[in-house]
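*Asks:* The structure that follows is given in the form of structure tokens.
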Amino acid sequence: MSIPVIIDCDPGIDDVMALLLAFVRPELDIRLITTEAGNQTQDKTAYNARSFLSYMNQEIEVARGLEQPLFVNLEVADDVHGESGLGDVIFPEPNFAESDRTAINALYETIMTSDEPIVLIATGPLTNIGALLLAHPEVKENIRYISFMGGAAVGGNMSPTAEFNVYVDPHAADVVFRSGIPIVMSGLDVTHKAFLDEQDLKRIEAIGTDLTTTLVELMTFYTKAATQTAFHEENFATNVRLHDLCAVGYVVEPELFQGDDCYVAIETQGELTKGTTVVDYAQSLPHAKNVHVLHTVNREKFVDMFIDAIKNAEQLIKGGHSHVEKN
Ligand code: RIB
Ligand code: CA
């Protein structure tokens with residue numbers, strides 16, 4: 001039984017690994033890719049999505065989203081994902097053009113014409129989806145749920161309490177979390193546990209292909225950069241956190257994860273707390289539960305799922321690719 005999905009992303013090193021996983025899983029019927037400004041500017045994330053998908057020998061509509069968050073200035077994560085958004089790896093030029101539809105139009109038309117409800121997989125800020133819901137609230141009727149990498153019940157990576165994707169556009173996140181659409185939130189609580197350790201990296205390196213060389217280069221950049229930033233995660237120097245893969249992984253293998261249903265609200269005002277996902281575990285607020293907040297993952301099986309995906313990706317990447325250079 002295939003699951004119709006749209007992936008809204010800000011590639012971004014972990015975003016491209018999430019795209020790799022999504023494109024090799026037969027369960028997913030990927031209808032559209034839309035790009036967010038987040039890890040890098042919209043120009044760069046839109047280019048990176050097409051460039052990586054071309055490298056993967058995939059051609060699918062990639063529609064660019066808004067250039068800026070709804071009400072605040074864009075803050076990119078060039079300190080973690082690099083100037084290009086993909087570290088110092090250069091993928092081949094895209095071999096297909098950008099969609100002539102905007103992300104909002106493409107999202108609206110794809111959702112409203114789908115013969116069954118769509119799962120939205122969101123691995124970046126929620127600007128496009130927030131704007132879509134403001135412009136076309138009727139899309140809610142044909143969205144099954146949103147699998148979102150973002151937020152945190154405890155801690156943050158952009159401030160002591162805010163995670164990057166929500167921090168970049170808290171107002172868009174507020175629109176989405178108030179929408180009534182079911183949300184499965186892969187926040188830092190679970191993504192901190194979804195990591196590759198040195199043994200896992202050695203397993204990937206041992207596959208010994210152009211793809212694995214490239215992935216290790218991307219992950220090395222990502223891990224090295226992250227140790228010098230606001231990330232306050234323990235043993236970040238060695239472990240590669242596969243944040244965005246959780247949003248895809250949950251859709252294809254939900255049994256690997258555990259979570260709780262909670263009321264979650266977005267702090268949009270606080271000087272110190274802007275972008276915080278306030279997770280009401282104690283049910284102290286008079287609001288209905290709107291989010292399934294993930295907190296645990298079977299890490300070994302999650303890593304096996306990713307490594308299997310890497311091996312299967314080789315089927316997609318037909319010969320003839322020039323080696324992916326490094327800057
Ligand atoms: O906080 C991690 C999230 O921010 C991931 O989606 C990563 O790609 C960045 O966008
Ligand atoms: Ca991302």
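Naming scheme: A, B, ... for chains in displayed order of the structure tokens; residues 1 onward per chain; ligands 1 onward as shown.
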Show me which residues sit within 7 Å of ligand 1 when counting only C-alpha atoms and all ligand atoms, and put them as a VMD selection string.
*Replies:* chain A and resid 10 to 15 38 to 39 123 to 125 149 to 150 157 163 to 165 243 to 244
*Asks:* Put those residues in a file: C-alpha atoms, as a PDB file, in the first residue's frame.
*Replies:*
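After the write, again-v3.pdb holds the following:
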ATOM      1  CA  ASP A  10      15.690  22.984   3.254  1.00  0.00           C
ATOM      2  CA  PRO A  11      18.647  20.988   1.842  1.00  0.00           C
ATOM      3  CA  GLY A  12      20.772  20.992   3.997  1.00  0.00           C
ATOM      4  CA  ILE A  13      23.005  18.034   4.718  1.00  0.00           C
ATOM      5  CA  ASP A  14      20.586  15.942   6.766  1.00  0.00           C
ATOM      6  CA  ASP A  15      17.763  16.941   4.385  1.00  0.00           C
ATOM      7  CA  GLY A  38      16.349  27.742   6.332  1.00  0.00           C
ATOM      8  CA  ASN A  39      19.699  26.002   6.360  1.00  0.00           C
ATOM      9  CA  THR A 123      12.223  18.815   7.428  1.00  0.00           C
ATOM     10  CA  GLY A 124      12.808  22.553   7.483  1.00  0.00           C
ATOM     11  CA  PRO A 125      11.104  25.699   8.777  1.00  0.00           C
ATOM     12  CA  MET A 149      11.322  17.300  12.168  1.00  0.00           C
ATOM     13  CA  GLY A 150      11.486  20.213  14.567  1.00  0.00           C
ATOM     14  CA  ASN A 157      19.976  23.948  19.395  1.00  0.00           C
ATOM     15  CA  GLU A 163      15.195  24.149  17.850  1.00  0.00           C
ATOM     16  CA  PHE A 164      16.322  25.616  14.507  1.00  0.00           C
ATOM     17  CA  ASN A 165      13.329  24.827  12.247  1.00  0.00           C
ATOM     18  CA  HIS A 243      17.542  14.754  12.475  1.00  0.00           C
ATOM     19  CA  ASP A 244      15.555  14.915   9.225  1.00  0.00           C
TER      20      ASP A 244
END
*Asks:* Using backbone DSSP assignments, extract all helix (DSSP H, G or I) residues from segment 129-263 of chain A; output them as a CSV table (one decimal) with N, CA and C atoms, in the first residue's frame.
*Replies:*
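Okay, result.csv is ready:
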chain,number,residue,atom,x,y,z
A,129,ILE,N,4.3,25.8,4.5
A,129,ILE,CA,3.1,25.2,5.0
A,129,ILE,C,2.2,26.1,5.8
A,130,GLY,N,2.8,27.0,6.6
A,130,GLY,CA,2.1,28.0,7.3
A,130,GLY,C,1.4,29.0,6.3
A,131,ALA,N,2.1,29.4,5.3
A,131,ALA,CA,1.5,30.3,4.3
A,131,ALA,C,0.4,29.6,3.5
A,132,LEU,N,0.6,28.4,3.2
A,132,LEU,CA,-0.4,27.6,2.5
A,132,LEU,C,-1.7,27.6,3.3
A,133,LEU,N,-1.6,27.3,4.6
A,133,LEU,CA,-2.8,27.2,5.5
A,133,LEU,C,-3.5,28.5,5.6
A,134,LEU,N,-2.7,29.6,5.6
A,134,LEU,CA,-3.3,30.9,5.7
A,134,LEU,C,-4.1,31.3,4.4
A,135,ALA,N,-3.5,30.9,3.3
A,135,ALA,CA,-4.1,31.2,2.0
A,135,ALA,C,-5.2,30.2,1.6
A,137,PRO,N,-7.0,27.4,3.7
A,137,PRO,CA,-7.2,26.4,4.8
A,137,PRO,C,-8.0,25.2,4.4
A,138,GLU,N,-8.6,25.2,3.3
A,138,GLU,CA,-9.4,24.0,2.8
A,138,GLU,C,-8.5,22.8,2.5
A,139,VAL,N,-7.2,23.0,2.4
A,139,VAL,CA,-6.3,21.9,2.1
A,139,VAL,C,-6.3,20.9,3.3
A,140,LYS,N,-6.7,21.4,4.5
A,140,LYS,CA,-6.7,20.5,5.7
A,140,LYS,C,-7.5,19.2,5.4
A,141,GLU,N,-8.5,19.3,4.6
A,141,GLU,CA,-9.4,18.2,4.4
A,141,GLU,C,-8.7,17.0,3.7
A,142,ASN,N,-7.6,17.3,3.0
A,142,ASN,CA,-6.9,16.3,2.3
A,142,ASN,C,-5.4,16.1,2.7
A,164,PHE,N,16.1,24.8,15.7
A,164,PHE,CA,16.3,25.6,14.5
A,164,PHE,C,15.1,25.8,13.6
A,165,ASN,N,14.4,24.7,13.2
A,165,ASN,CA,13.3,24.8,12.2
A,165,ASN,C,12.2,25.7,12.8
A,166,VAL,N,11.9,25.5,14.1
A,166,VAL,CA,10.8,26.4,14.7
A,166,VAL,C,11.3,27.8,15.0
A,167,TYR,N,12.6,27.9,15.4
A,167,TYR,CA,13.2,29.2,15.7
A,167,TYR,C,13.2,30.1,14.5
A,168,VAL,N,13.5,29.5,13.3
A,168,VAL,CA,13.6,30.3,12.1
A,168,VAL,C,12.3,31.0,11.7
A,170,PRO,N,8.9,31.0,13.8
A,170,PRO,CA,7.9,30.6,14.9
A,170,PRO,C,6.5,30.9,14.5
A,171,HIS,N,6.2,31.9,13.8
A,171,HIS,CA,4.8,32.3,13.4
A,171,HIS,C,4.2,31.3,12.5
A,172,ALA,N,5.0,30.8,11.5
A,172,ALA,CA,4.5,29.8,10.6
A,172,ALA,C,4.3,28.5,11.4
A,173,ALA,N,5.2,28.2,12.3
A,173,ALA,CA,5.0,27.0,13.1
A,173,ALA,C,3.7,27.1,14.0
A,174,ASP,N,3.5,28.3,14.4
A,174,ASP,CA,2.3,28.6,15.2
A,174,ASP,C,1.0,28.3,14.4
A,175,VAL,N,1.0,28.8,13.2
A,175,VAL,CA,-0.2,28.5,12.3
A,175,VAL,C,-0.4,27.0,12.1
A,176,VAL,N,0.7,26.3,11.9
A,176,VAL,CA,0.6,24.9,11.6
A,176,VAL,C,0.2,24.1,12.8
A,177,PHE,N,0.7,24.5,14.0
A,177,PHE,CA,0.4,23.7,15.2
A,177,PHE,C,-1.0,24.0,15.7
A,188,LEU,N,14.1,17.3,19.0
A,188,LEU,CA,15.5,17.0,19.4
A,188,LEU,C,15.4,15.8,20.4
A,189,ASP,N,14.3,15.7,21.1
A,189,ASP,CA,14.2,14.6,22.1
A,189,ASP,C,14.5,13.3,21.5
A,190,VAL,N,14.0,13.1,20.3
A,190,VAL,CA,14.2,11.8,19.6
A,190,VAL,C,15.4,11.9,18.6
A,191,THR,N,15.6,13.0,18.0
A,191,THR,CA,16.6,13.0,17.0
A,191,THR,C,18.0,13.0,17.6
A,198,GLU,N,30.7,6.0,15.4
A,198,GLU,CA,31.9,5.7,14.6
A,198,GLU,C,31.8,4.4,13.9
A,199,GLN,N,31.3,3.4,14.6
A,199,GLN,CA,31.1,2.0,14.0
A,199,GLN,C,30.2,2.1,12.8
A,200,ASP,N,29.1,2.8,12.9
A,200,ASP,CA,28.2,2.9,11.8
A,200,ASP,C,28.8,3.6,10.6
A,201,LEU,N,29.6,4.7,10.9
A,201,LEU,CA,30.3,5.4,9.8
A,201,LEU,C,31.3,4.4,9.1
A,202,LYS,N,31.9,3.6,9.9
A,202,LYS,CA,32.8,2.6,9.3
A,202,LYS,C,32.1,1.6,8.4
A,203,ARG,N,30.8,1.2,8.8
A,203,ARG,CA,30.0,0.3,8.0
A,203,ARG,C,29.7,1.0,6.7
A,204,ILE,N,29.4,2.3,6.7
A,204,ILE,CA,29.0,3.0,5.5
A,204,ILE,C,30.2,3.2,4.6
A,205,GLU,N,31.4,3.5,5.2
A,205,GLU,CA,32.6,3.7,4.4
A,205,GLU,C,33.0,2.4,3.7
A,206,ALA,N,32.7,1.3,4.4
A,206,ALA,CA,33.1,-0.1,3.9
A,206,ALA,C,32.3,-0.4,2.6
A,207,ILE,N,31.2,0.2,2.4
A,207,ILE,CA,30.4,-0.1,1.2
A,207,ILE,C,31.2,0.4,0.0
A,210,ASP,N,31.0,5.8,-4.7
A,210,ASP,CA,31.0,7.2,-4.8
A,210,ASP,C,30.0,7.9,-3.9
A,211,LEU,N,28.8,7.2,-3.8
A,211,LEU,CA,27.8,7.7,-2.9
A,211,LEU,C,28.3,7.7,-1.5
A,212,THR,N,28.8,6.6,-1.0
A,212,THR,CA,29.2,6.6,0.4
A,212,THR,C,30.4,7.5,0.7
A,213,THR,N,31.3,7.6,-0.3
A,213,THR,CA,32.4,8.6,-0.1
A,213,THR,C,31.8,10.0,0.1
A,214,THR,N,30.8,10.3,-0.7
A,214,THR,CA,30.2,11.6,-0.7
A,214,THR,C,29.4,11.8,0.6
A,215,LEU,N,28.7,10.8,1.0
A,215,LEU,CA,27.9,10.9,2.3
A,215,LEU,C,28.8,11.1,3.5
A,216,VAL,N,29.9,10.4,3.5
A,216,VAL,CA,30.9,10.5,4.6
A,216,VAL,C,31.5,11.9,4.6
A,217,GLU,N,31.8,12.5,3.4
A,217,GLU,CA,32.3,13.8,3.4
A,217,GLU,C,31.2,14.8,3.9
A,218,LEU,N,30.0,14.6,3.5
A,218,LEU,CA,28.9,15.5,4.0
A,218,LEU,C,28.8,15.4,5.5
A,219,MET,N,28.8,14.2,6.0
A,219,MET,CA,28.6,14.0,7.5
A,219,MET,C,29.8,14.5,8.3
A,220,THR,N,30.9,14.3,7.7
A,220,THR,CA,32.1,14.8,8.4
A,220,THR,C,32.1,16.4,8.6
A,221,PHE,N,31.7,17.0,7.5
A,221,PHE,CA,31.5,18.5,7.5
A,221,PHE,C,30.5,18.9,8.6
A,222,TYR,N,29.4,18.2,8.5
A,222,TYR,CA,28.2,18.5,9.4
A,222,TYR,C,28.6,18.3,10.8
A,223,THR,N,29.3,17.2,11.1
A,223,THR,CA,29.6,17.0,12.5
A,223,THR,C,30.7,17.9,13.0
A,224,LYS,N,31.7,18.2,12.2
A,224,LYS,CA,32.8,19.1,12.6
A,224,LYS,C,32.2,20.5,12.8
A,225,ALA,N,31.4,20.9,11.9
A,225,ALA,CA,30.8,22.3,12.0
A,225,ALA,C,29.9,22.4,13.3
A,226,ALA,N,29.1,21.3,13.5
A,226,ALA,CA,28.2,21.4,14.6
A,226,ALA,C,28.9,21.5,15.9
A,227,THR,N,30.1,20.9,16.0
A,227,THR,CA,30.7,21.0,17.4
A,227,THR,C,31.1,22.4,17.7
A,243,HIS,N,18.8,14.1,12.1
A,243,HIS,CA,17.5,14.8,12.5
A,243,HIS,C,16.4,14.5,11.5
A,244,ASP,N,16.6,14.9,10.2
A,244,ASP,CA,15.6,14.9,9.2
A,244,ASP,C,15.1,13.5,8.8
A,245,LEU,N,16.0,12.5,9.0
A,245,LEU,CA,15.6,11.2,8.6
A,245,LEU,C,14.5,10.7,9.5
A,246,CYS,N,14.4,11.2,10.7
A,246,CYS,CA,13.3,10.7,11.6
A,246,CYS,C,12.0,11.1,11.0
A,247,ALA,N,11.8,12.2,10.4
A,247,ALA,CA,10.5,12.6,9.8
A,247,ALA,C,10.1,11.6,8.7
A,248,VAL,N,11.1,11.1,7.9
A,248,VAL,CA,10.8,10.1,6.9
A,248,VAL,C,10.7,8.8,7.5
A,249,GLY,N,11.6,8.4,8.4
A,249,GLY,CA,11.6,7.1,9.0
A,249,GLY,C,10.3,6.8,9.7
A,250,TYR,N,9.7,7.8,10.3
A,250,TYR,CA,8.4,7.5,11.0
A,250,TYR,C,7.3,7.1,10.1
A,251,VAL,N,7.4,7.7,8.9
A,251,VAL,CA,6.3,7.4,7.9
A,251,VAL,C,6.4,6.0,7.4
A,252,VAL,N,7.7,5.6,7.2
A,252,VAL,CA,7.9,4.2,6.6
A,252,VAL,C,8.0,3.1,7.6
A,254,PRO,N,6.9,3.3,11.4
A,254,PRO,CA,6.5,4.0,12.7
A,254,PRO,C,6.8,3.2,13.9
A,255,GLU,N,6.9,1.9,13.7
A,255,GLU,CA,7.1,1.0,14.9
A,255,GLU,C,8.5,1.1,15.5
A,256,LEU,N,9.4,1.8,14.8
A,256,LEU,CA,10.7,2.1,15.4
A,256,LEU,C,10.7,3.2,16.5
*Asks:* Just checking: using only C-alpha atoms, which residue out of A:Ile6, A:Met185, A:Gln42, A:Glu59 ends up closest to Ala152 of chain A?
*Replies:*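 Among the listed residues, A:Met185 lies closest to Ala152 of chain A.
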*Asks:* What separation in Å, quoted to one decimal, exists between atom CA of Val293 of chain A and atom CA of Ala265 of chain A?
*Replies:* 12.1 Å
*Asks:* Considering only C-alpha atoms, return as a PyMOL selection string whatever protein or nucleic-acid residues lie within 7 Å of Ser147 of chain A, sequence-local ones (same chain, fewer than 6 positions apart) excluded.
*Replies:* chain A and resi 120-122+183-185+247
*Asks:* DSSP on the backbone: what in segment 14-167 of chain A comes out strand (DSSP E), as a list in words?
*Replies:*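 The residues of segment 14-167 of chain A classed as strand (DSSP E) are Leu28, Asp29, Ile30, Arg31, Leu32, Ile33, Thr34, Thr35, Val62, Ala63, Arg64, Val89, Ile90, Ile118, Val119, Leu120, Ile121, Ala122, Ile143, Arg144, Tyr145, Ile146, Ser147, Phe148 and Met149 of chain A.
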*Asks:* Please identify all polymer residues within 12 Å of Glu67 of chain A, counting only C-alpha atoms, omitting same-chain residues fewer than 5 positions from it, and present them as a PyMOL selection string.
*Replies:* chain A and resi 10+35-38+40-46+72-76+102-103+125+127-128+131+169
*Asks:* Interatomic distance between atom CA of Asp8 of chain A and atom CA of Val240 of chain A?
*Replies:*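 A separation of 21.9 Å between them.
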*Asks:* If we count only C-alpha atoms and set the cut-off at 8 Å, which residues sit around Tyr55 of chain A, ignoring sequence neighbours fewer than 6 positions away in its own chain? Please answer as a list in words.
*Replies:*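 After dropping sequence-adjacent residues, the list is Phe91, Pro92, Pro94, Ile317 and His321 of chain A.
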*Asks:* What separation in Å, quoted to one decimal, exists between atom CA of Val24 of chain A and atom CA of Ala309 of chain A?
*Replies:* 6.1 Å
*Asks:* Determine the nearest neighbour of ligand 2 from the options A:Ile111, A:Ala77, A:Val303, A:Leu70, counting only C-alpha atoms and all ligand atoms.
*Replies:*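 The closest residue to ligand 2 is A:Ala77.
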*Asks:* Nearest to ligand 2 among A:Ser159, A:Asn95, A:Ser186, A:Ser54, with distances taken over only C-alpha atoms and all ligand atoms: which residue is it?
*Replies:*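 Nearest candidate to ligand 2 out of A:Ser159, A:Asn95, A:Ser186, A:Ser54: A:Ser186.
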*Asks:* Taking only C-alpha atoms and all ligand atoms into account, which of A:Leu196, A:Met158, A:Ile143, A:Leu242 comes nearest ligand 2?
*Replies:*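 Smallest distance to ligand 2 is found for A:Leu242.
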*Asks:* Leaving out Arg144 of chain A and any residue of its chain fewer than 6 positions from it, which residues lie within 6 Å of it when counting only C-alpha atoms, given as a PyMOL selection string?
*Replies:* chain A and resi 117-119
*Asks:* Have a look at A:Gly85, A:Gly275, A:Pro182, A:Pro26 and name the one nearest to ligand 2; count only C-alpha atoms and all ligand atoms.
*Replies:* A:Gly85
